[in-house]
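Below is upload-v9.cif, holding mmCIF, C-alpha atoms and all ligand atoms.
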data_structure
loop_
_atom_site.group_PDB
_atom_site.id
_atom_site.type_symbol
_atom_site.label_atom_id
_atom_site.label_comp_id
_atom_site.auth_asym_id
_atom_site.auth_seq_id
_atom_site.Cartn_x
_atom_site.Cartn_y
_atom_site.Cartn_z
ATOM 1 C CA MET F 49 -13.435 -47.883 68.902
ATOM 2 C CA ILE F 50 -9.920 -46.631 68.155
ATOM 3 C CA LYS F 51 -9.042 -46.196 64.472
ATOM 4 C CA GLN F 52 -5.702 -47.513 63.253
ATOM 5 C CA PHE F 53 -3.857 -45.980 60.295
ATOM 6 C CA GLU F 54 -0.767 -47.488 58.729
ATOM 7 C CA THR F 55 -0.302 -45.060 55.853
ATOM 8 C CA ILE F 56 0.343 -41.333 55.832
ATOM 9 C CA SER F 57 -2.342 -40.688 53.213
ATOM 10 C CA SER F 58 -5.134 -42.498 55.086
ATOM 11 C CA LEU F 59 -4.216 -40.749 58.331
ATOM 12 C CA GLN F 60 -4.111 -37.333 56.706
ATOM 13 C CA LYS F 61 -7.501 -37.859 55.062
ATOM 14 C CA HIS F 62 -8.983 -38.596 58.475
ATOM 15 C CA LEU F 63 -7.247 -35.667 60.182
ATOM 16 C CA ASP F 64 -8.159 -33.220 57.394
ATOM 17 C CA ALA F 65 -11.831 -34.148 57.738
ATOM 18 C CA ASN F 66 -11.605 -33.389 61.480
ATOM 19 C CA ARG F 67 -9.739 -30.137 60.908
ATOM 20 C CA GLU F 68 -12.402 -29.008 58.431
ATOM 21 C CA GLN F 69 -14.945 -29.395 61.221
ATOM 22 C CA GLY F 70 -12.820 -27.061 63.349
ATOM 23 C CA LYS F 71 -11.598 -29.804 65.683
ATOM 24 C CA THR F 72 -8.304 -29.441 67.536
ATOM 25 C CA ILE F 73 -5.760 -32.250 67.313
ATOM 26 C CA GLY F 74 -3.564 -33.430 70.184
ATOM 27 C CA PHE F 75 -0.615 -35.674 69.344
ATOM 28 C CA VAL F 76 1.376 -38.115 71.477
ATOM 29 C CA PRO F 77 4.374 -39.666 69.695
ATOM 30 C CA THR F 78 5.621 -42.937 71.222
ATOM 31 C CA MET F 79 7.622 -46.047 70.465
ATOM 32 C CA GLY F 80 4.938 -48.297 71.977
ATOM 33 C CA ALA F 81 5.221 -50.778 74.867
ATOM 34 C CA LEU F 82 2.892 -48.340 76.543
ATOM 35 C CA HIS F 83 2.731 -47.827 80.302
ATOM 36 C CA ASP F 84 1.041 -45.339 82.569
ATOM 37 C CA GLY F 85 3.630 -42.650 81.725
ATOM 38 C CA HIS F 86 2.467 -42.699 78.106
ATOM 39 C CA LEU F 87 -1.187 -42.945 79.142
ATOM 40 C CA GLN F 88 -0.914 -39.793 81.267
ATOM 41 C CA LEU F 89 0.146 -37.935 78.126
ATOM 42 C CA ILE F 90 -2.903 -39.346 76.318
ATOM 43 C CA ARG F 91 -5.176 -38.303 79.211
ATOM 44 C CA LYS F 92 -3.835 -34.755 79.222
ATOM 45 C CA ALA F 93 -4.152 -34.559 75.425
ATOM 46 C CA LYS F 94 -7.770 -35.804 75.688
ATOM 47 C CA LYS F 95 -8.606 -33.036 78.145
ATOM 48 C CA GLU F 96 -7.102 -30.296 75.996
ATOM 49 C CA ASN F 97 -8.085 -31.311 72.430
ATOM 50 C CA ASP F 98 -11.096 -32.519 70.457
ATOM 51 C CA ILE F 99 -9.309 -35.543 69.054
ATOM 52 C CA VAL F 100 -6.140 -37.353 70.103
ATOM 53 C CA ILE F 101 -3.748 -39.305 67.956
ATOM 54 C CA CYS F 102 -0.967 -41.499 69.280
ATOM 55 C CA SER F 103 1.823 -42.717 67.024
ATOM 56 C CA ILE F 104 3.636 -45.977 67.678
ATOM 57 C CA PHE F 105 6.857 -46.208 65.717
ATOM 58 C CA VAL F 106 10.115 -47.739 66.888
ATOM 59 C CA ASN F 107 12.355 -45.315 65.048
ATOM 60 C CA PRO F 108 15.509 -47.084 63.811
ATOM 61 C CA ALA F 109 17.178 -43.728 63.125
ATOM 62 C CA GLN F 110 17.449 -42.899 66.834
ATOM 63 C CA PHE F 111 19.074 -46.152 67.943
ATOM 64 C CA ASN F 112 22.840 -45.999 67.885
ATOM 65 C CA ASN F 113 23.022 -49.634 68.985
ATOM 66 C CA ALA F 114 21.559 -52.417 66.800
ATOM 67 C CA ALA F 115 21.071 -54.792 69.751
ATOM 68 C CA ASP F 116 19.079 -52.127 71.632
ATOM 69 C CA LEU F 117 16.791 -51.679 68.595
ATOM 70 C CA GLU F 118 16.408 -55.433 68.228
ATOM 71 C CA LYS F 119 15.369 -56.003 71.848
ATOM 72 C CA TYR F 120 13.168 -52.904 72.163
ATOM 73 C CA PRO F 121 9.824 -54.273 73.469
ATOM 74 C CA ARG F 122 6.945 -54.402 70.984
ATOM 75 C CA SER F 123 3.362 -55.122 72.040
ATOM 76 C CA LEU F 124 0.976 -53.591 69.533
ATOM 77 C CA SER F 125 -2.220 -55.442 70.435
ATOM 78 C CA THR F 126 -1.861 -54.662 74.164
ATOM 79 C CA ASP F 127 -0.992 -51.049 73.297
ATOM 80 C CA MET F 128 -4.103 -50.729 71.127
ATOM 81 C CA ALA F 129 -6.297 -52.080 73.931
ATOM 82 C CA LEU F 130 -4.775 -49.602 76.414
ATOM 83 C CA LEU F 131 -5.300 -46.679 74.031
ATOM 84 C CA ASP F 132 -8.857 -47.770 73.335
ATOM 85 C CA LYS F 133 -9.567 -47.824 77.071
ATOM 86 C CA GLU F 134 -8.369 -44.204 77.295
ATOM 87 C CA SER F 135 -10.708 -43.307 74.380
ATOM 88 C CA CYS F 136 -7.739 -42.281 72.265
ATOM 89 C CA ASP F 137 -9.264 -41.557 68.847
ATOM 90 C CA CYS F 138 -6.627 -42.907 66.526
ATOM 91 C CA VAL F 139 -3.260 -44.584 66.377
ATOM 92 C CA PHE F 140 -0.695 -44.224 63.615
ATOM 93 C CA THR F 141 1.474 -47.311 63.144
ATOM 94 C CA PRO F 142 3.576 -46.732 60.042
ATOM 95 C CA SER F 143 6.175 -49.170 58.728
ATOM 96 C CA VAL F 144 9.812 -48.111 58.407
ATOM 97 C CA ILE F 145 9.352 -47.890 54.600
ATOM 98 C CA GLU F 146 6.303 -45.653 55.033
ATOM 99 C CA MET F 147 8.308 -43.266 57.214
ATOM 100 C CA TYR F 148 11.605 -43.475 55.343
ATOM 101 C CA PRO F 149 10.880 -44.396 51.702
ATOM 102 C CA ASN F 150 14.300 -43.067 50.704
ATOM 103 C CA GLY F 151 16.264 -44.466 53.655
ATOM 104 C CA ASN F 152 17.015 -42.670 56.928
ATOM 105 C CA LYS F 153 18.062 -39.301 55.580
ATOM 106 C CA LEU F 154 18.729 -37.376 58.784
ATOM 107 C CA LEU F 155 17.552 -33.839 59.377
ATOM 108 C CA SER F 156 20.553 -31.606 59.806
ATOM 109 C CA PHE F 157 19.844 -28.898 62.322
ATOM 110 C CA ASP F 158 22.058 -26.892 64.644
ATOM 111 C CA LEU F 159 20.782 -27.611 68.136
ATOM 112 C CA LYS F 160 23.220 -25.158 69.726
ATOM 113 C CA GLY F 161 24.857 -27.701 71.995
ATOM 114 C CA LEU F 162 21.607 -29.052 73.459
ATOM 115 C CA ASP F 163 22.380 -32.337 71.702
ATOM 116 C CA THR F 164 26.073 -32.690 72.542
ATOM 117 C CA VAL F 165 25.778 -33.059 76.329
ATOM 118 C CA MET F 166 24.495 -35.935 78.508
ATOM 119 C CA GLU F 167 22.618 -38.436 76.263
ATOM 120 C CA GLY F 168 24.344 -36.863 73.259
ATOM 121 C CA VAL F 169 27.730 -37.969 74.594
ATOM 122 C CA PHE F 170 26.714 -41.561 75.284
ATOM 123 C CA ARG F 171 24.267 -42.112 72.398
ATOM 124 C CA PRO F 172 25.906 -40.425 69.412
ATOM 125 C CA GLY F 173 23.425 -39.756 66.611
ATOM 126 C CA HIS F 174 20.416 -40.392 68.859
ATOM 127 C CA PHE F 175 19.093 -36.834 68.780
ATOM 128 C CA ALA F 176 19.598 -36.414 65.014
ATOM 129 C CA GLY F 177 17.409 -39.520 64.576
ATOM 130 C CA MET F 178 14.906 -38.293 67.146
ATOM 131 C CA ILE F 179 14.408 -34.819 65.635
ATOM 132 C CA THR F 180 14.221 -36.351 62.158
ATOM 133 C CA VAL F 181 11.282 -38.519 63.155
ATOM 134 C CA VAL F 182 9.564 -35.891 65.313
ATOM 135 C CA HIS F 183 9.877 -33.292 62.560
ATOM 136 C CA HIS F 184 8.505 -35.772 60.014
ATOM 137 C CA LEU F 185 5.633 -36.752 62.321
ATOM 138 C CA PHE F 186 4.781 -33.090 62.942
ATOM 139 C CA GLU F 187 4.647 -32.531 59.156
ATOM 140 C CA ILE F 188 2.374 -35.563 58.730
ATOM 141 C CA VAL F 189 0.031 -34.939 61.668
ATOM 142 C CA ASN F 190 0.197 -31.140 61.853
ATOM 143 C CA PRO F 191 -1.216 -31.175 65.392
ATOM 144 C CA HIS F 192 -2.335 -28.182 67.437
ATOM 145 C CA ARG F 193 -0.559 -29.563 70.507
ATOM 146 C CA ALA F 194 2.038 -32.288 71.070
ATOM 147 C CA TYR F 195 2.756 -33.944 74.408
ATOM 148 C CA PHE F 196 6.161 -35.121 75.633
ATOM 149 C CA GLY F 197 7.307 -36.477 78.999
ATOM 150 C CA GLU F 198 9.796 -34.717 81.265
ATOM 151 C CA LYS F 199 11.205 -38.210 81.793
ATOM 152 C CA ASP F 200 13.215 -37.492 78.627
ATOM 153 C CA PHE F 201 14.113 -33.961 79.683
ATOM 154 C CA GLN F 202 16.817 -33.416 77.067
ATOM 155 C CA GLN F 203 14.508 -34.661 74.301
ATOM 156 C CA LEU F 204 11.773 -32.272 75.460
ATOM 157 C CA ALA F 205 14.218 -29.323 75.486
ATOM 158 C CA ILE F 206 15.425 -30.213 71.968
ATOM 159 C CA VAL F 207 11.920 -30.600 70.535
ATOM 160 C CA LYS F 208 10.890 -27.247 72.057
ATOM 161 C CA TYR F 209 13.989 -25.607 70.585
ATOM 162 C CA MET F 210 13.399 -27.133 67.135
ATOM 163 C CA VAL F 211 9.772 -25.973 67.065
ATOM 164 C CA LYS F 212 10.798 -22.449 68.075
ATOM 165 C CA GLN F 213 13.592 -22.233 65.512
ATOM 166 C CA LEU F 214 11.481 -23.613 62.668
ATOM 167 C CA ASP F 215 8.555 -21.436 63.722
ATOM 168 C CA LYS F 216 6.189 -24.387 63.711
ATOM 169 C CA SER F 217 2.638 -23.746 64.870
ATOM 170 C CA VAL F 218 2.474 -26.765 67.200
ATOM 171 C CA GLU F 219 2.464 -26.113 70.946
ATOM 172 C CA VAL F 220 4.850 -28.499 72.713
ATOM 173 C CA ILE F 221 3.639 -29.463 76.179
ATOM 174 C CA GLY F 222 5.902 -31.126 78.762
ATOM 175 C CA CYS F 223 4.282 -33.493 81.290
ATOM 176 C CA PRO F 224 5.661 -34.651 84.664
ATOM 177 C CA THR F 225 7.390 -38.018 84.976
ATOM 178 C CA VAL F 226 5.101 -40.833 86.094
ATOM 179 C CA ARG F 227 6.716 -43.150 88.633
ATOM 180 C CA GLU F 228 6.210 -46.566 90.148
ATOM 181 C CA LEU F 229 5.167 -46.537 93.816
ATOM 182 C CA ASP F 230 8.802 -46.764 94.966
ATOM 183 C CA GLY F 231 9.828 -43.806 92.781
ATOM 184 C CA LEU F 232 11.356 -45.615 89.787
ATOM 185 C CA ALA F 233 10.471 -43.677 86.620
ATOM 186 C CA MET F 234 8.212 -45.788 84.407
ATOM 187 C CA SER F 235 9.977 -46.880 81.249
ATOM 188 C CA SER F 236 9.469 -49.453 78.512
ATOM 189 C CA ARG F 237 13.018 -50.581 79.340
ATOM 190 C CA ASN F 238 12.234 -51.498 82.969
ATOM 191 C CA ILE F 239 11.218 -55.007 81.838
ATOM 192 C CA HIS F 240 14.900 -55.664 81.162
ATOM 193 C CA LEU F 241 15.755 -55.278 84.882
ATOM 194 C CA THR F 242 16.590 -58.459 86.777
ATOM 195 C CA PRO F 243 14.580 -58.975 90.012
ATOM 196 C CA ILE F 244 17.537 -57.795 92.127
ATOM 197 C CA GLU F 245 18.081 -54.728 89.938
ATOM 198 C CA ARG F 246 14.369 -53.893 90.118
ATOM 199 C CA GLU F 247 14.489 -54.213 93.902
ATOM 200 C CA HIS F 248 17.248 -51.611 94.104
ATOM 201 C CA ALA F 249 16.198 -49.388 91.191
ATOM 202 C CA SER F 250 14.357 -46.836 93.350
ATOM 203 C CA LEU F 251 17.822 -45.813 94.557
ATOM 204 C CA ILE F 252 18.168 -43.778 91.354
ATOM 205 C CA TYR F 253 15.251 -41.456 92.152
ATOM 206 C CA LYS F 254 16.053 -41.371 95.896
ATOM 207 C CA THR F 255 19.612 -40.308 95.140
ATOM 208 C CA LEU F 256 18.439 -37.615 92.725
ATOM 209 C CA ILE F 257 15.998 -36.049 95.161
ATOM 210 C CA ALA F 258 18.600 -36.100 97.926
ATOM 211 C CA CYS F 259 20.762 -33.877 95.707
ATOM 212 C CA ALA F 260 18.458 -30.913 96.336
ATOM 213 C CA ASP F 261 19.291 -31.045 100.086
ATOM 214 C CA LYS F 262 22.980 -31.665 99.528
ATOM 215 C CA LYS F 263 23.408 -28.509 97.460
ATOM 216 C CA SER F 264 23.996 -26.485 100.611
ATOM 217 C CA THR F 265 26.991 -28.592 101.637
ATOM 218 C CA HIS F 266 28.402 -29.832 98.313
ATOM 219 C CA THR F 267 29.798 -28.177 95.204
ATOM 220 C CA PRO F 268 28.459 -29.643 91.909
ATOM 221 C CA GLU F 269 31.728 -31.570 91.574
ATOM 222 C CA ALA F 270 31.522 -32.995 95.103
ATOM 223 C CA LEU F 271 27.875 -33.899 94.559
ATOM 224 C CA TYR F 272 28.833 -35.811 91.413
ATOM 225 C CA GLN F 273 31.179 -37.968 93.520
ATOM 226 C CA TRP F 274 28.514 -38.482 96.186
ATOM 227 C CA VAL F 275 25.954 -39.653 93.591
ATOM 228 C CA LYS F 276 28.517 -41.989 92.028
ATOM 229 C CA SER F 277 29.299 -43.648 95.354
ATOM 230 C CA GLU F 278 25.581 -43.951 96.289
ATOM 231 C CA ILE F 279 24.656 -45.558 92.950
ATOM 232 C CA GLU F 280 27.661 -47.851 92.788
ATOM 233 C CA GLN F 281 27.751 -48.944 96.460
ATOM 234 C CA THR F 282 25.220 -51.717 95.697
ATOM 235 C CA GLY F 283 27.667 -53.288 93.238
ATOM 236 C CA ILE F 284 24.823 -53.806 90.742
ATOM 237 C CA PHE F 285 24.597 -50.436 88.982
ATOM 238 C CA LYS F 286 27.196 -48.326 87.255
ATOM 239 C CA LEU F 287 26.844 -44.573 86.927
ATOM 240 C CA GLU F 288 27.146 -43.461 83.315
ATOM 241 C CA TYR F 289 26.707 -39.796 84.170
ATOM 242 C CA VAL F 290 25.014 -37.427 86.526
ATOM 243 C CA ALA F 291 24.836 -33.822 85.363
ATOM 244 C CA PHE F 292 23.694 -30.741 87.230
ATOM 245 C CA VAL F 293 22.594 -28.399 84.494
ATOM 246 C CA ASN F 294 20.945 -25.137 83.638
ATOM 247 C CA ALA F 295 17.415 -26.342 82.770
ATOM 248 C CA ASP F 296 17.236 -24.047 79.728
ATOM 249 C CA THR F 297 20.662 -24.511 78.119
ATOM 250 C CA LEU F 298 21.455 -27.984 79.563
ATOM 251 C CA GLN F 299 25.001 -26.781 80.190
ATOM 252 C CA ASP F 300 26.807 -27.918 83.356
ATOM 253 C CA LEU F 301 26.622 -25.704 86.412
ATOM 254 C CA ASN F 302 30.021 -24.804 87.823
ATOM 255 C CA ASN F 303 28.403 -23.472 90.956
ATOM 256 C CA TRP F 304 24.860 -23.319 92.304
ATOM 257 C CA ASN F 305 24.434 -19.632 91.442
ATOM 258 C CA ASP F 306 24.860 -20.222 87.713
ATOM 259 C CA ALA F 307 21.150 -20.615 86.904
ATOM 260 C CA ASN F 308 17.744 -20.140 88.480
ATOM 261 C CA LEU F 309 16.208 -23.236 86.947
ATOM 262 C CA GLN F 310 18.379 -26.272 87.600
ATOM 263 C CA ARG F 311 17.997 -29.936 86.742
ATOM 264 C CA ALA F 312 19.810 -33.054 87.904
ATOM 265 C CA CYS F 313 19.925 -35.651 85.105
ATOM 266 C CA ILE F 314 21.255 -39.171 85.443
ATOM 267 C CA ALA F 315 21.946 -42.295 83.381
ATOM 268 C CA VAL F 316 22.613 -45.621 85.078
ATOM 269 C CA ILE F 317 23.847 -48.839 83.484
ATOM 270 C CA THR F 318 22.305 -52.147 84.542
ATOM 271 C CA SER F 319 23.241 -55.627 83.306
ATOM 272 C CA LYS F 320 20.976 -55.511 80.236
ATOM 273 C CA THR F 321 19.891 -51.906 79.788
ATOM 274 C CA ARG F 322 20.383 -48.304 80.865
ATOM 275 C CA LEU F 323 17.942 -46.144 82.771
ATOM 276 C CA ILE F 324 17.633 -42.366 82.719
ATOM 277 C CA ASP F 325 15.877 -40.024 85.097
ATOM 278 C CA ASN F 326 15.919 -36.374 86.147
ATOM 279 C CA VAL F 327 14.490 -34.022 88.755
ATOM 280 C CA GLU F 328 14.255 -30.307 89.260
ATOM 281 C CA LEU F 329 16.848 -29.156 91.765
HETATM 282 P P1 LIG F 401 8.904 -43.462 74.280
HETATM 283 O O1 LIG F 401 7.842 -44.428 73.870
HETATM 284 O O2 LIG F 401 9.846 -43.989 75.289
HETATM 285 O O3 LIG F 401 9.573 -42.815 73.102
HETATM 286 O O4 LIG F 401 8.135 -42.285 75.028
HETATM 287 C C1 LIG F 401 7.090 -41.586 74.394
HETATM 288 C C2 LIG F 401 6.762 -40.379 75.222
HETATM 289 O O5 LIG F 401 6.344 -40.793 76.523
HETATM 290 C C3 LIG F 401 7.965 -39.446 75.416
HETATM 291 O O6 LIG F 401 7.517 -38.094 75.337
HETATM 292 C C4 LIG F 401 8.430 -39.800 76.803
HETATM 293 O O7 LIG F 401 9.106 -38.745 77.451
HETATM 294 C C5 LIG F 401 7.103 -40.096 77.482
HETATM 295 N N1 LIG F 401 7.313 -40.916 78.682
HETATM 296 C C6 LIG F 401 7.976 -42.099 78.753
HETATM 297 N N2 LIG F 401 8.033 -42.525 80.031
HETATM 298 C C7 LIG F 401 7.383 -41.587 80.779
HETATM 299 C C8 LIG F 401 7.109 -41.451 82.167
HETATM 300 N N3 LIG F 401 7.493 -42.351 83.066
HETATM 301 N N4 LIG F 401 6.430 -40.354 82.576
HETATM 302 C C9 LIG F 401 6.040 -39.401 81.680
HETATM 303 N N5 LIG F 401 6.265 -39.485 80.361
HETATM 304 C C10 LIG F 401 6.933 -40.557 79.908
#

Here is a file; write its structure as structure tokens.
Ligand code: AMP
Amino acid sequence: MIKQFETISSLQKHLDANREQGKTIGFVPTMGALHDGHLQLIRKAKKENDIVICSIFVNPAQFNNAADLEKYPRSLSTDMALLDKESCDCVFTPSVIEMYPNGNKLLSFDLKGLDTVMEGVFRPGHFAGMITVVHHLFEIVNPHRAYFGEKDFQQLAIVKYMVKQLDKSVEVIGCPTVRELDGLAMSSRNIHLTPIEREHASLIYKTLIACADKKSTHTPEALYQWVKSEIEQTGIFKLEYVAFVNADTLQDLNNWNDANLQRACIAVITSKTRLIDNVEL
């Protein structure tokens, strides 16, 4: 039966006892409303560690929009049942006061431009809030390994960079994006799609994967225009951005020879939410 901890001290007591027995700890931080994308991270963590802890905390510090925070889906009892089914050992569900007893004092850290592109442009302050909570959670849990989805590619790059710069002992492991059968990346926000938006939402992934083929005939700039017209031709989505970037620095490619590892990252606006996705190019 999964153990639930709401306080830092009770969680640490439990983890310390496991560490003393030489057990390795795998950690999966989430904001809940769990789906198969999250559960794949749990499954991988189970395979690679003696015990697995999942945190569920809707972090106010990383929402730059109060309405988005308000409507973020919350489903703790279903989440607990899903985690229990995966034999996840424990779940940490702290309150906002437990995490931020002195208010949201943000971690100030130079992310060398990784945070000022793509999501950083459209969600100002998001990454400062995200690294604040991830750093705090790493201090609390002190895991051997932590698992993050490639679905949030920029977040994964930033967490890896932070861990390297701060010389933290945790190993950060990126896991492939889990998709619905039609290719739509699983996301807690997909429930906000209207039936017609959901019907067309696979267009996002289809357009991204087509970019790999179009590289031979399009410059990055021309490909941007092609993606925009594909996404917007339905009349139901609006392109917020598509960026073709160096997968290590996240900086825009001016031409296709600029980097060996390349990523296409996209954000699309729907009537009630925004969806992000990315693929290797
Ligand atoms: P969230 O609850 O949205 O903060 O996500 C928690 C973790 O699950 C993050 O590391 C996400 O990147 C990861 N994640 C979310 N959706 C997916 C997905 N479709 N496939 C793989 N990982 C995902």

Given the file above and the PyMOL selection byres (((not hetatm)) within 9 of (chain F and resi 401)), which residues are selected, and can you give them as a compact mmCIF listing (two decimals) with C-alpha atoms, in the frame of the given file?
# COMPACT_ATOMS: atom_id res chain seq x y z
CA VAL F 76 1.38 -38.12 71.48
CA PRO F 77 4.37 -39.67 69.69
CA THR F 78 5.62 -42.94 71.22
CA MET F 79 7.62 -46.05 70.46
CA GLY F 80 4.94 -48.30 71.98
CA ALA F 81 5.22 -50.78 74.87
CA LEU F 82 2.89 -48.34 76.54
CA HIS F 83 2.73 -47.83 80.30
CA ASP F 84 1.04 -45.34 82.57
CA GLY F 85 3.63 -42.65 81.72
CA HIS F 86 2.47 -42.70 78.11
CA LEU F 87 -1.19 -42.94 79.14
CA GLN F 88 -0.91 -39.79 81.27
CA LEU F 89 0.15 -37.94 78.13
CA ILE F 104 3.64 -45.98 67.68
CA PHE F 105 6.86 -46.21 65.72
CA VAL F 106 10.12 -47.74 66.89
CA ASN F 107 12.36 -45.32 65.05
CA TYR F 195 2.76 -33.94 74.41
CA PHE F 196 6.16 -35.12 75.63
CA GLY F 197 7.31 -36.48 79.00
CA GLU F 198 9.80 -34.72 81.26
CA LYS F 199 11.20 -38.21 81.79
CA ASP F 200 13.22 -37.49 78.63
CA PHE F 201 14.11 -33.96 79.68
CA GLN F 203 14.51 -34.66 74.30
CA LEU F 204 11.77 -32.27 75.46
CA GLY F 222 5.90 -31.13 78.76
CA CYS F 223 4.28 -33.49 81.29
CA PRO F 224 5.66 -34.65 84.66
CA THR F 225 7.39 -38.02 84.98
CA VAL F 226 5.10 -40.83 86.09
CA ARG F 227 6.72 -43.15 88.63
CA GLU F 228 6.21 -46.57 90.15
CA LEU F 232 11.36 -45.62 89.79
CA ALA F 233 10.47 -43.68 86.62
CA MET F 234 8.21 -45.79 84.41
CA SER F 235 9.98 -46.88 81.25
CA SER F 236 9.47 -49.45 78.51
CA ARG F 237 13.02 -50.58 79.34
CA ASP F 325 15.88 -40.02 85.10

From the list F:Ser264, F:Thr242, F:Thr126, F:Ser143, which residue is nearest Thr318 of chain F when using all atoms listed in the file? F:Thr242

Surrounding residues of Ile206 of chain F excluding itself and chain neighbours under 5 positions, 8 Å, all atoms listed in the file, as a PyMOL selection string: chain F and resi 159+162-163+179

Distance atom CA of Val275 of chain F-atom CA of Lys208 of chain F, one decimal place?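 Separation of atom CA of Val275 of chain F and atom CA of Lys208 of chain F: 29.1 Å.
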
So which one's closest to Cys138 of chain F, F:Gln110, F:Ser156, F:Ser58, F:Ser217? Using all atoms listed in the file, please.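 Checking each of F:Gln110, F:Ser156, F:Ser58, F:Ser217 against Cys138 of chain F, counting all atoms listed in the file, the winner is F:Ser58.
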
Residues picked by the PyMOL selection byres (((chain F and resi 323) around 12) and not hetatm) here, as a PyMOL selection string? chain F and resi 167+199-200+232-241+245-246+249-253+285-290+313-322+324-326
